[in-house]
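Shown here: my_file.txt, compact mmCIF, C-alpha atoms.
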# COMPACT_ATOMS: atom_id res chain seq x y z
CA MET A 4 -58.30 -85.25 -1.46
CA ASN A 5 -55.65 -84.53 -4.03
CA PRO A 6 -52.35 -85.32 -2.38
CA THR A 7 -49.19 -83.81 -3.72
CA PHE A 8 -45.71 -85.16 -3.27
CA ALA A 9 -43.29 -82.30 -3.09
CA ALA A 10 -39.58 -81.98 -2.57
CA ASP A 11 -37.29 -79.05 -2.09
CA PRO A 12 -34.45 -78.28 -4.51
CA ALA A 13 -32.17 -80.58 -2.54
CA GLY A 14 -34.58 -83.45 -3.05
CA ARG A 15 -35.76 -83.63 0.52
CA PRO A 16 -39.44 -84.32 1.08
CA VAL A 17 -41.64 -81.35 1.81
CA LEU A 18 -44.76 -81.59 3.90
CA ASP A 19 -47.43 -79.78 1.92
CA LEU A 20 -50.80 -79.68 3.68
CA ARG A 21 -52.33 -76.77 1.81
CA ALA A 22 -54.81 -78.96 -0.02
CA VAL A 23 -56.11 -80.82 3.02
CA ALA A 24 -55.99 -78.13 5.70
CA ARG A 25 -59.23 -76.48 6.74
CA PRO A 26 -58.57 -73.00 8.06
CA PRO A 27 -60.61 -72.17 11.15
CA ASP A 28 -62.54 -68.94 11.13
CA LEU A 29 -60.38 -66.55 13.09
CA SER A 30 -62.34 -63.45 12.13
CA ASP A 31 -63.38 -62.92 15.75
CA ALA A 32 -59.85 -63.31 17.07
CA PRO A 33 -57.97 -60.12 17.87
CA ALA A 34 -55.88 -58.91 14.98
CA PRO A 35 -52.18 -59.33 15.73
CA SER A 36 -49.44 -56.96 14.73
CA PRO A 37 -47.42 -58.09 11.71
CA GLU A 38 -44.60 -59.14 14.01
CA ALA A 39 -46.93 -61.10 16.27
CA ARG A 40 -48.62 -62.69 13.28
CA ALA A 41 -45.24 -63.88 12.03
CA VAL A 42 -44.54 -65.42 15.43
CA ALA A 43 -47.92 -67.14 15.44
CA ILE A 44 -47.42 -68.51 11.94
CA ARG A 45 -43.96 -69.78 12.85
CA THR A 46 -45.34 -71.41 15.99
CA TRP A 47 -48.21 -73.19 14.27
CA LYS A 48 -46.04 -74.25 11.35
CA GLY A 49 -43.58 -75.74 13.80
CA ARG A 50 -46.45 -77.57 15.46
CA MET A 51 -47.59 -78.81 12.06
CA VAL A 52 -44.19 -80.38 11.43
CA ASN A 53 -43.93 -81.70 14.96
CA GLU A 54 -47.32 -83.38 14.91
CA HIS A 55 -46.51 -85.00 11.58
CA ALA A 56 -43.22 -86.26 12.94
CA SER A 57 -44.91 -87.52 16.10
CA ALA A 58 -47.09 -89.72 13.92
CA GLN A 59 -43.92 -91.41 12.71
CA VAL A 60 -42.83 -92.05 16.28
CA TRP A 61 -46.14 -93.64 17.25
CA ALA A 62 -46.19 -95.70 14.07
CA SER A 63 -42.64 -96.90 14.73
CA LEU A 64 -43.70 -98.18 18.13
CA LEU A 65 -46.17 -100.63 16.62
CA PRO A 66 -43.76 -103.23 15.18
CA GLN A 67 -41.68 -103.14 18.36
CA ALA A 68 -44.80 -103.64 20.47
CA MET A 69 -45.94 -106.51 18.28
CA ARG A 70 -42.55 -108.23 18.63
CA ALA A 71 -43.01 -107.88 22.38
CA ALA A 72 -46.45 -109.51 22.23
CA VAL A 73 -48.08 -106.50 23.78
CA PRO A 74 -51.81 -107.20 24.27
CA PRO A 75 -53.99 -106.17 21.33
CA ALA A 76 -55.98 -103.81 23.55
CA LEU A 77 -52.84 -101.71 23.85
CA LEU A 78 -51.58 -102.31 20.32
CA VAL A 79 -54.59 -100.70 18.71
CA GLY A 80 -53.84 -97.48 20.53
CA LEU A 81 -50.53 -97.04 18.71
CA PRO A 82 -51.76 -96.65 15.10
CA ALA A 83 -54.70 -94.69 16.47
CA ALA A 84 -52.27 -92.25 18.04
CA ALA A 85 -50.35 -92.00 14.78
CA SER A 86 -53.57 -91.24 12.96
CA ASP A 87 -54.45 -88.60 15.55
CA GLU A 88 -51.10 -86.88 15.09
CA LEU A 89 -51.54 -86.76 11.32
CA ARG A 90 -54.92 -85.12 11.82
CA HIS A 91 -53.36 -82.66 14.26
CA ALA A 92 -50.81 -81.73 11.60
CA GLU A 93 -53.64 -80.90 9.24
CA GLN A 94 -55.38 -78.90 11.95
CA CYS A 95 -52.22 -76.93 12.66
CA ALA A 96 -51.79 -76.36 8.94
CA GLY A 97 -55.30 -74.93 8.89
CA VAL A 98 -54.31 -72.38 11.51
CA VAL A 99 -51.21 -71.50 9.49
CA LEU A 100 -53.39 -70.83 6.47
CA ALA A 101 -55.93 -68.89 8.52
CA LEU A 102 -53.13 -66.64 9.72
CA GLY A 103 -52.01 -66.01 6.17
CA GLY A 104 -49.06 -68.40 6.21
CA ASP A 105 -47.93 -71.15 3.89
CA ALA A 106 -48.65 -74.66 5.11
CA ARG A 107 -45.54 -76.20 3.62
CA ALA A 108 -42.30 -77.14 5.31
CA PRO A 109 -39.38 -79.46 4.60
CA LEU A 110 -39.54 -82.51 6.78
CA PRO A 111 -36.73 -82.94 9.27
CA THR A 112 -34.83 -86.17 9.31
CA LEU A 113 -35.84 -88.12 12.37
CA SER A 114 -33.61 -90.28 14.43
CA PRO A 115 -34.76 -93.88 14.20
CA LEU A 116 -36.74 -95.21 17.11
CA PRO A 117 -34.28 -96.90 19.50
CA GLN A 118 -34.77 -100.64 19.56
CA HIS A 119 -32.86 -101.13 22.81
CA ASP A 120 -31.32 -104.36 21.58
CA ASP A 121 -29.40 -104.71 24.84
CA VAL A 122 -32.64 -105.86 26.50
CA GLY A 123 -35.63 -107.99 25.58
CA PRO A 124 -38.42 -106.67 23.35
CA LEU A 125 -40.89 -105.98 26.14
CA GLU A 126 -38.36 -104.08 28.23
CA GLY A 127 -37.27 -102.18 25.13
CA PHE A 128 -40.84 -101.25 24.34
CA LEU A 129 -41.37 -100.19 27.94
CA ARG A 130 -38.48 -97.75 27.67
CA ASN A 131 -39.93 -96.17 24.56
CA ILE A 132 -43.51 -95.96 25.76
CA LEU A 133 -42.26 -94.54 29.06
CA SER A 134 -40.46 -91.77 27.19
CA VAL A 135 -43.15 -91.09 24.60
CA GLY A 136 -46.39 -91.75 26.45
CA CYS A 137 -45.67 -91.14 30.12
CA LEU A 138 -43.23 -88.28 29.81
CA SER A 139 -43.62 -86.42 26.51
CA GLU A 140 -47.37 -86.75 26.18
CA THR A 141 -48.08 -85.95 29.82
CA VAL A 142 -46.03 -82.78 29.50
CA ALA A 143 -47.90 -82.02 26.28
CA VAL A 144 -51.22 -82.40 28.08
CA ALA A 145 -50.19 -79.85 30.69
CA LEU A 146 -48.88 -77.33 28.16
CA ILE A 147 -51.83 -77.63 25.80
CA ARG A 148 -54.31 -77.50 28.69
CA ALA A 149 -52.83 -74.20 29.81
CA GLU A 150 -53.01 -72.77 26.30
CA HIS A 151 -56.55 -74.07 25.90
CA ALA A 152 -57.68 -72.50 29.17
CA GLU A 153 -56.31 -69.14 28.13
CA LEU A 154 -58.25 -69.03 24.86
CA THR A 155 -61.66 -67.42 24.78
CA PRO A 156 -64.45 -69.58 23.31
CA GLY A 157 -64.25 -69.80 19.55
CA PRO A 158 -63.02 -71.94 16.68
CA LEU A 159 -59.38 -71.95 17.78
CA ARG A 160 -60.32 -73.06 21.30
CA GLU A 161 -62.44 -75.85 19.82
CA LEU A 162 -59.58 -76.92 17.59
CA LEU A 163 -57.09 -76.97 20.44
CA GLY A 164 -59.65 -78.81 22.55
CA THR A 165 -59.81 -81.67 20.08
CA ILE A 166 -56.03 -81.90 20.01
CA LEU A 167 -55.95 -81.86 23.82
CA ALA A 168 -58.50 -84.67 24.03
CA ASP A 169 -56.34 -86.84 21.79
CA GLU A 170 -53.14 -86.07 23.68
CA ILE A 171 -54.88 -87.07 26.90
CA GLN A 172 -55.65 -90.44 25.36
CA HIS A 173 -52.04 -90.84 24.21
CA ALA A 174 -50.74 -90.10 27.69
CA ARG A 175 -53.24 -92.49 29.25
CA LEU A 176 -52.08 -95.15 26.81
CA GLY A 177 -48.54 -94.65 28.03
CA TRP A 178 -49.44 -94.85 31.71
CA THR A 179 -51.65 -97.87 31.10
CA ALA A 180 -48.82 -99.66 29.34
CA LEU A 181 -46.44 -98.79 32.13
CA GLY A 182 -48.90 -100.06 34.71
CA LEU A 183 -49.28 -103.36 32.91
CA ILE A 184 -45.63 -103.98 32.13
CA ALA A 185 -43.65 -102.52 35.03
CA PRO A 186 -44.95 -104.96 37.66
CA LYS A 187 -43.67 -107.82 35.49
CA LEU A 188 -40.07 -106.60 35.58
CA ASP A 189 -37.66 -108.68 37.56
CA ALA A 190 -35.13 -106.99 39.82
CA ALA A 191 -32.46 -106.68 37.12
CA ALA A 192 -34.89 -105.28 34.57
CA LYS A 193 -36.25 -102.84 37.12
CA ALA A 194 -32.74 -101.62 37.87
CA ARG A 195 -32.07 -101.10 34.17
CA THR A 196 -35.37 -99.26 33.77
CA GLN A 197 -34.47 -97.10 36.76
CA ALA A 198 -31.24 -96.14 35.00
CA TYR A 199 -33.11 -95.46 31.78
CA LEU A 200 -35.58 -93.25 33.61
CA ALA A 201 -32.81 -90.76 34.33
CA VAL A 202 -31.83 -90.80 30.66
CA ALA A 203 -35.43 -90.28 29.55
CA LEU A 204 -36.01 -87.44 32.00
CA ALA A 205 -32.82 -85.72 30.89
CA HIS A 206 -34.02 -86.12 27.31
CA GLN A 207 -37.24 -84.38 28.29
CA ILE A 208 -35.30 -81.40 29.57
CA GLU A 209 -33.13 -81.31 26.48
CA HIS A 210 -36.12 -81.81 24.16
CA GLU A 211 -38.79 -79.66 25.73
CA LEU A 212 -37.03 -76.59 27.03
CA PRO A 213 -35.55 -75.47 23.72
CA LEU A 214 -39.11 -75.51 22.39
CA LEU A 215 -40.13 -73.09 25.12
CA PRO A 216 -37.70 -70.27 24.54
CA VAL A 217 -37.41 -67.49 27.04
CA VAL A 218 -36.67 -65.05 24.25
CA ALA A 219 -39.18 -62.26 24.59
CA LEU A 220 -42.27 -62.47 22.38
CA PRO A 221 -43.78 -59.38 20.80
CA ASP A 222 -45.83 -57.51 23.39
CA ASP A 223 -49.15 -58.16 21.73
CA PRO A 224 -52.27 -59.28 23.64
CA ALA A 225 -53.44 -61.09 20.51
CA LEU A 226 -50.73 -63.72 20.82
CA PRO A 227 -52.27 -65.73 23.71
CA GLN A 228 -55.56 -65.70 21.79
CA LEU A 229 -53.73 -67.24 18.86
CA GLY A 230 -52.48 -70.13 20.97
CA VAL A 231 -48.95 -68.84 21.47
CA CYS A 232 -47.79 -69.32 25.02
CA ALA A 233 -45.21 -67.37 26.96
CA GLY A 234 -42.10 -69.49 27.15
CA ALA A 235 -41.28 -68.58 30.73
CA ASP A 236 -44.71 -69.69 31.99
CA ALA A 237 -44.48 -72.90 30.01
CA ARG A 238 -41.05 -73.64 31.45
CA ARG A 239 -42.32 -73.32 34.99
CA LEU A 240 -45.21 -75.58 34.07
CA PHE A 241 -42.84 -78.12 32.57
CA PHE A 242 -40.89 -78.47 35.81
CA ASP A 243 -44.02 -78.55 37.95
CA CYS A 244 -45.59 -81.14 35.68
CA VAL A 245 -42.59 -83.43 35.98
CA GLU A 246 -42.29 -83.00 39.72
CA GLY A 247 -45.97 -82.84 40.61
CA ALA A 248 -47.62 -85.14 38.09
CA ILE A 249 -45.05 -87.54 36.66
CA LEU A 250 -42.66 -88.39 39.49
CA PRO A 251 -45.22 -89.40 42.14
CA PRO A 252 -46.82 -92.26 40.18
CA LEU A 253 -43.38 -93.47 39.11
CA ALA A 254 -42.38 -93.55 42.76
CA GLY A 255 -45.57 -95.45 43.47
CA LEU A 256 -44.32 -98.17 41.16
CA GLY A 257 -41.21 -98.49 43.25
CA PHE A 258 -38.83 -96.45 41.14
CA ASP A 259 -36.53 -93.94 42.74
CA ALA A 260 -38.18 -91.19 40.73
CA ALA A 261 -36.69 -88.34 42.73
CA GLY A 262 -33.22 -89.81 42.34
CA ALA A 263 -33.70 -90.22 38.59
CA TRP A 264 -34.90 -86.64 38.32
CA ALA A 265 -31.92 -85.36 40.26
CA GLU A 266 -29.63 -87.35 37.99
CA ALA A 267 -31.45 -86.05 34.91
CA ARG A 268 -31.02 -82.48 36.04
CA ARG A 269 -27.33 -83.08 36.58
CA ARG A 270 -27.03 -84.54 33.08
CA ALA A 271 -28.93 -81.70 31.47
CA ALA A 272 -27.34 -78.88 33.43
CA PRO A 273 -27.22 -75.95 32.93
CA LEU A 274 -30.48 -76.17 31.01
CA ALA A 275 -32.17 -77.88 33.93
CA ALA A 276 -31.97 -74.83 36.15
CA ARG A 277 -35.40 -73.32 36.61
CA MET B 2 -63.41 -63.25 33.44
CA HIS B 3 -59.97 -63.98 32.10
CA PRO B 4 -58.26 -66.79 34.00
CA THR B 5 -55.31 -65.84 36.14
CA ARG B 6 -51.92 -67.44 35.61
CA ALA B 7 -52.51 -69.45 38.77
CA ASP B 8 -55.81 -70.71 37.32
CA LEU B 9 -54.11 -71.74 34.10
CA HIS B 10 -51.34 -73.46 36.00
CA GLN B 11 -53.75 -75.40 38.20
CA LYS B 12 -55.90 -76.53 35.28
CA ALA B 13 -52.79 -77.70 33.47
CA MET B 14 -51.51 -79.60 36.49
CA GLN B 15 -54.87 -81.25 37.09
CA ALA B 16 -54.98 -82.38 33.48
CA ALA B 17 -51.50 -83.85 33.72
CA ILE B 18 -52.22 -85.61 37.00
CA SER B 19 -55.49 -86.99 35.69
CA VAL B 20 -53.84 -88.88 32.83
CA THR B 21 -51.50 -90.65 35.24
CA LEU B 22 -54.51 -92.21 36.96
CA ALA B 23 -54.50 -94.71 34.11
CA LEU B 24 -51.47 -96.23 35.82
CA GLY B 25 -53.42 -97.20 38.91
CA VAL B 26 -56.24 -98.62 36.83
CA ALA B 27 -53.81 -100.74 34.85
CA CYS B 28 -52.23 -102.01 38.06
CA GLY B 29 -55.62 -102.98 39.40
CA GLN B 30 -55.68 -100.27 42.01
CA PRO B 31 -58.67 -98.01 42.46
CA PRO B 32 -57.93 -94.58 41.01
CA GLN B 33 -56.97 -92.03 43.58
CA PRO B 34 -58.76 -88.70 43.35
CA PHE B 35 -56.24 -86.06 42.52
CA GLU B 36 -55.79 -83.14 44.79
CA LYS B 37 -57.75 -80.03 44.02
CA ASP B 38 -54.60 -78.09 44.66
CA PRO B 39 -51.88 -80.26 43.15
CA THR B 40 -48.33 -79.87 44.21
CA VAL B 41 -46.93 -76.67 42.85
CA THR B 42 -43.68 -75.60 44.31
CA ALA B 43 -43.69 -72.14 45.69
CA SER B 44 -40.42 -71.38 44.01
CA ALA B 45 -41.96 -72.08 40.64
CA ALA B 46 -45.20 -70.25 41.18
CA ASP B 47 -43.59 -67.22 42.71
CA SER B 48 -40.58 -66.99 40.49
CA ALA B 49 -40.87 -64.08 38.14
CA GLU B 50 -38.24 -65.35 35.76
CA PRO B 51 -36.51 -68.67 35.25
CA SER B 52 -32.82 -68.74 35.77
CA GLY B 53 -32.27 -68.54 32.05
CA ALA B 54 -34.10 -65.25 31.82
CA ASP B 55 -30.96 -63.38 30.98
CA THR B 56 -31.22 -64.86 27.52
CA ALA B 57 -34.57 -63.15 27.11
CA ASP B 58 -32.50 -60.15 26.27
CA GLY B 59 -32.67 -59.81 22.54
CA ASP B 60 -29.12 -58.57 22.43
CA THR B 61 -27.92 -61.73 24.04
CA ALA B 62 -29.76 -63.82 21.49
CA SER B 63 -28.39 -61.75 18.67
CA GLU B 64 -24.92 -62.00 20.05
CA ALA B 65 -25.26 -65.74 20.20
CA ALA B 66 -26.20 -65.81 16.54
CA ASP B 67 -23.55 -63.31 15.57
CA ASP B 68 -20.86 -65.13 17.45
CA THR B 69 -21.53 -68.34 15.65
CA ALA B 70 -21.96 -66.75 12.25
CA SER B 71 -18.25 -66.38 11.95
CA GLU B 72 -17.49 -69.99 12.69
CA ASP B 73 -15.59 -71.76 10.00
CA GLY B 74 -18.26 -74.41 9.71
CA ALA B 75 -20.78 -71.93 8.41
CA GLU B 76 -19.26 -71.66 4.99
CA ASP B 77 -18.48 -75.34 4.77
CA THR B 78 -22.07 -76.34 5.34
CA GLY B 79 -23.44 -73.90 2.85
CA THR B 80 -25.56 -71.95 5.28
CA THR B 81 -26.72 -68.45 4.57
CA ALA B 82 -24.83 -65.34 5.50
CA LEU B 83 -27.24 -64.86 8.37
CA GLY B 84 -25.38 -67.38 10.47
CA THR B 85 -25.58 -70.81 11.94
CA CYS B 86 -25.99 -72.34 15.36
CA VAL B 87 -23.93 -75.39 14.49
CA GLY B 88 -21.34 -76.12 17.09
CA ILE B 89 -23.09 -74.52 20.05
CA VAL B 90 -23.05 -77.00 22.90
CA ASP B 91 -24.73 -75.08 25.68
CA PRO B 92 -28.49 -75.76 25.32
CA GLU B 93 -29.58 -72.36 26.59
CA GLU B 94 -27.26 -70.62 24.19
CA LEU B 95 -28.48 -72.86 21.37
CA THR B 96 -32.09 -71.95 22.13
CA ALA B 97 -31.33 -68.26 21.99
CA CYS B 98 -29.27 -68.64 18.83
CA CYS B 99 -31.97 -70.57 17.00
CA ALA B 100 -34.69 -68.13 18.00
CA ALA B 101 -32.61 -65.21 16.76
CA LEU B 102 -31.70 -67.01 13.56
CA SER B 103 -35.32 -67.90 12.86
CA ALA B 104 -36.44 -64.31 13.23
CA ALA B 105 -33.59 -63.09 11.06
CA CYS B 106 -34.38 -65.61 8.35
CA ASP B 107 -38.06 -64.68 8.31
CA ALA B 108 -37.09 -61.05 7.89
CA ALA B 109 -34.54 -61.81 5.20
CA PHE B 110 -36.83 -63.98 3.09
CA PRO B 111 -40.34 -62.60 3.57
CA ASP B 112 -41.55 -63.87 0.19
CA ASP B 113 -39.62 -67.11 -0.11
CA TRP B 114 -40.82 -69.69 2.39
CA GLU B 115 -38.38 -72.32 1.21
CA ALA B 116 -35.40 -70.06 1.62
CA ALA B 117 -36.63 -68.85 5.01
CA TYR B 118 -37.22 -72.36 6.25
CA GLU B 119 -33.91 -73.66 4.93
CA CYS B 120 -32.14 -70.69 6.48
CA ALA B 121 -33.72 -71.21 9.89
CA TRP B 122 -34.17 -74.95 10.11
CA GLY B 123 -31.99 -76.52 7.43
CA ALA B 124 -29.21 -78.86 8.42
CA ALA B 125 -26.68 -76.05 8.16
CA SER B 126 -28.53 -74.00 10.76
CA GLY B 127 -27.97 -76.49 13.56
CA CYS B 128 -31.55 -75.93 14.67
CA THR B 129 -34.65 -78.10 14.59
CA PRO B 130 -38.24 -76.96 14.82
CA TRP B 131 -40.22 -78.65 17.53
CA GLY B 132 -38.27 -81.84 17.59
CA PRO B 133 -40.52 -84.86 17.92
CA PRO B 134 -40.52 -87.08 20.98
CA VAL B 135 -38.13 -89.69 19.66
CA PRO B 136 -37.05 -91.57 22.78
CA PRO B 137 -33.37 -91.55 23.72
CA VAL B 138 -31.11 -94.56 23.62
CA ALA B 139 -30.02 -95.92 26.96
Take the structure in the file and write it out as structure tokens.
Amino acid sequence: MNPTFAADPAGRPVLDLRAVARPPDLSDAPAPSPEARAVAIRTWKGRMVNEHASAQVWASLLPQAMRAAVPPALLVGLPAAASDELRHAEQCAGVVLALGGDARAPLPTLSPLPQHDDVGPLEGFLRNILSVGCLSETVAVALIRAEHAELTPGPLRELLGTILADEIQHARLGWTALGLIAPKLDAAAKARTQAYLAVALAHQIEHELPLLPVVALPDDPALPQLGVCAGADARRLFFDCVEGAILPPLAGLGFDAAGAWAEARRRAAPLAAR
Amino acid sequence: MHPTRADLHQKAMQAAISVTLALGVACGQPPQPFEKDPTVTASAADSAEPSGADTADGDTASEAADDTASEDGAEDTGTTALGTCVGIVDPEELTACCAALSAACDAAFPDDWEAAYECAWGAASGCTPWGPPVPPVA
């Protein structure tokens, strides 16, 4: 590996994965139109950046979890998830290259991971792992599973399958942590977590839906075979995933999940309308 | 045989439900088998278009970008002449604006990836690509 450290003219760091990306063989995939190819490149480059940034989020959770004395069996999953996301970024970069794109992009500035200093370390960690693991990653599992199921067997399906397998583990890590920590909350902490749940669900709406634009894609049958989903389908899946997969187990823990979801949709209106 | 949209949807829902079983295991409860036909609201499955479908109209997206291109902030932040989505509050409108701006920037800078990326996703654009799952503050 010959890493390069690049920056754009403004001095901001640039993620350059050209040297480490391994392009999958897409020679059997249907050839897209130039317009569709541009959409696919933009999509996979966005995923490349997103996966890289997700690694930072998982890595940032580790010191907070250690301050909260989270059991080592859970701790080890956090750097593992960060490592997975870095590998995903390289895999996405490989697809960008295979499509004829350039696997470089300026890195966005991330908001720092909230420390939730108004509560204790374990409750603060619970908020973050609830948002990242139980909500974001579970939604990711649903969306990636749908894309994976639509692909015909081949290198891109295999690649997406490995990413899906990792995201499943990340989501399971989140739900496991929630299952271990939530029963330890006292009544006051549970009430605060209930309030945070509405905030986190609203954040999901605000975070996920703009990534699933309803703007029409080029009418090209090659696009689904290049892992580009239709935004409208993905939006329906997002809402069904929250309501059918995420809310029931939260309710099983004693949270007013339906009430939090209703509050989240009020906060995020008008985006929250199906 | 190519899977139907209903097939895709059900596989996706089953995958999502399956990961939540880790919760029951962590709580010491035996995992519950998930339903073969998980809850899918009829309104979602049957709906042809989400309520925001009117923004699927390319003209609407373009208008959103055009409208904001003339905002005073565009020149102050050094964005390109193609426009900016800075200042748009409505999320749906922001989505449409950013999608239109991204396409316009790709077309304007086909051979200059840095310029295209800066144009579409730089700070002056008001847009972010695939924002990461940074949790919100309370």
So that I can check the surroundings of A:Leu133, please list as a PyMOL selection string every protein, DNA and RNA residue that reaches within 12 Å of it, counting all atoms listed in the file and ignoring chain neighbours fewer than 5 positions away. (chain A and resi 64+125-128+138-141+173-185+196-197+199-204+206-207+249+253) or (chain B and resi 21+24+134-137)
Within 10 Å of (-50.1, -77.5, 11.9), in the coordinates the file gives, what residues turn up when you count all atoms listed in the file, written out as a ChimeraX atom specification? /A:20,24,44-55,88-100,106-107
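Comparing the minimum interatomic distances between chain B and each of A:Ala71, A:Val17, A:Leu102, A:Leu229, counting all atoms listed in the file, we find that A:Val17 sits nearest.
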When you draw a straight line from atom CA of A:Leu29 to atom CA of A:Pro158, how long is it in Å? 7.0 Å
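Here atom CA of B:Val20 and atom CA of A:Val142 stand 10.5 Å from one another.
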Distance query A:Gln228 at most 8 Å, all atoms listed in the file, self and fewer than 4 positions along chain excluded, as a list in words: Ala32, Pro33, Glu153, Leu154, Thr155 and Pro224 of chain A
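Closest to chain B among A:Pro115, A:Pro227, A:Pro221, A:Pro82 is A:Pro115, based on all atoms listed in the file.
As for atom CA of A:Leu256 and atom CA of A:Arg268, they are spaced 21.2 Å apart.
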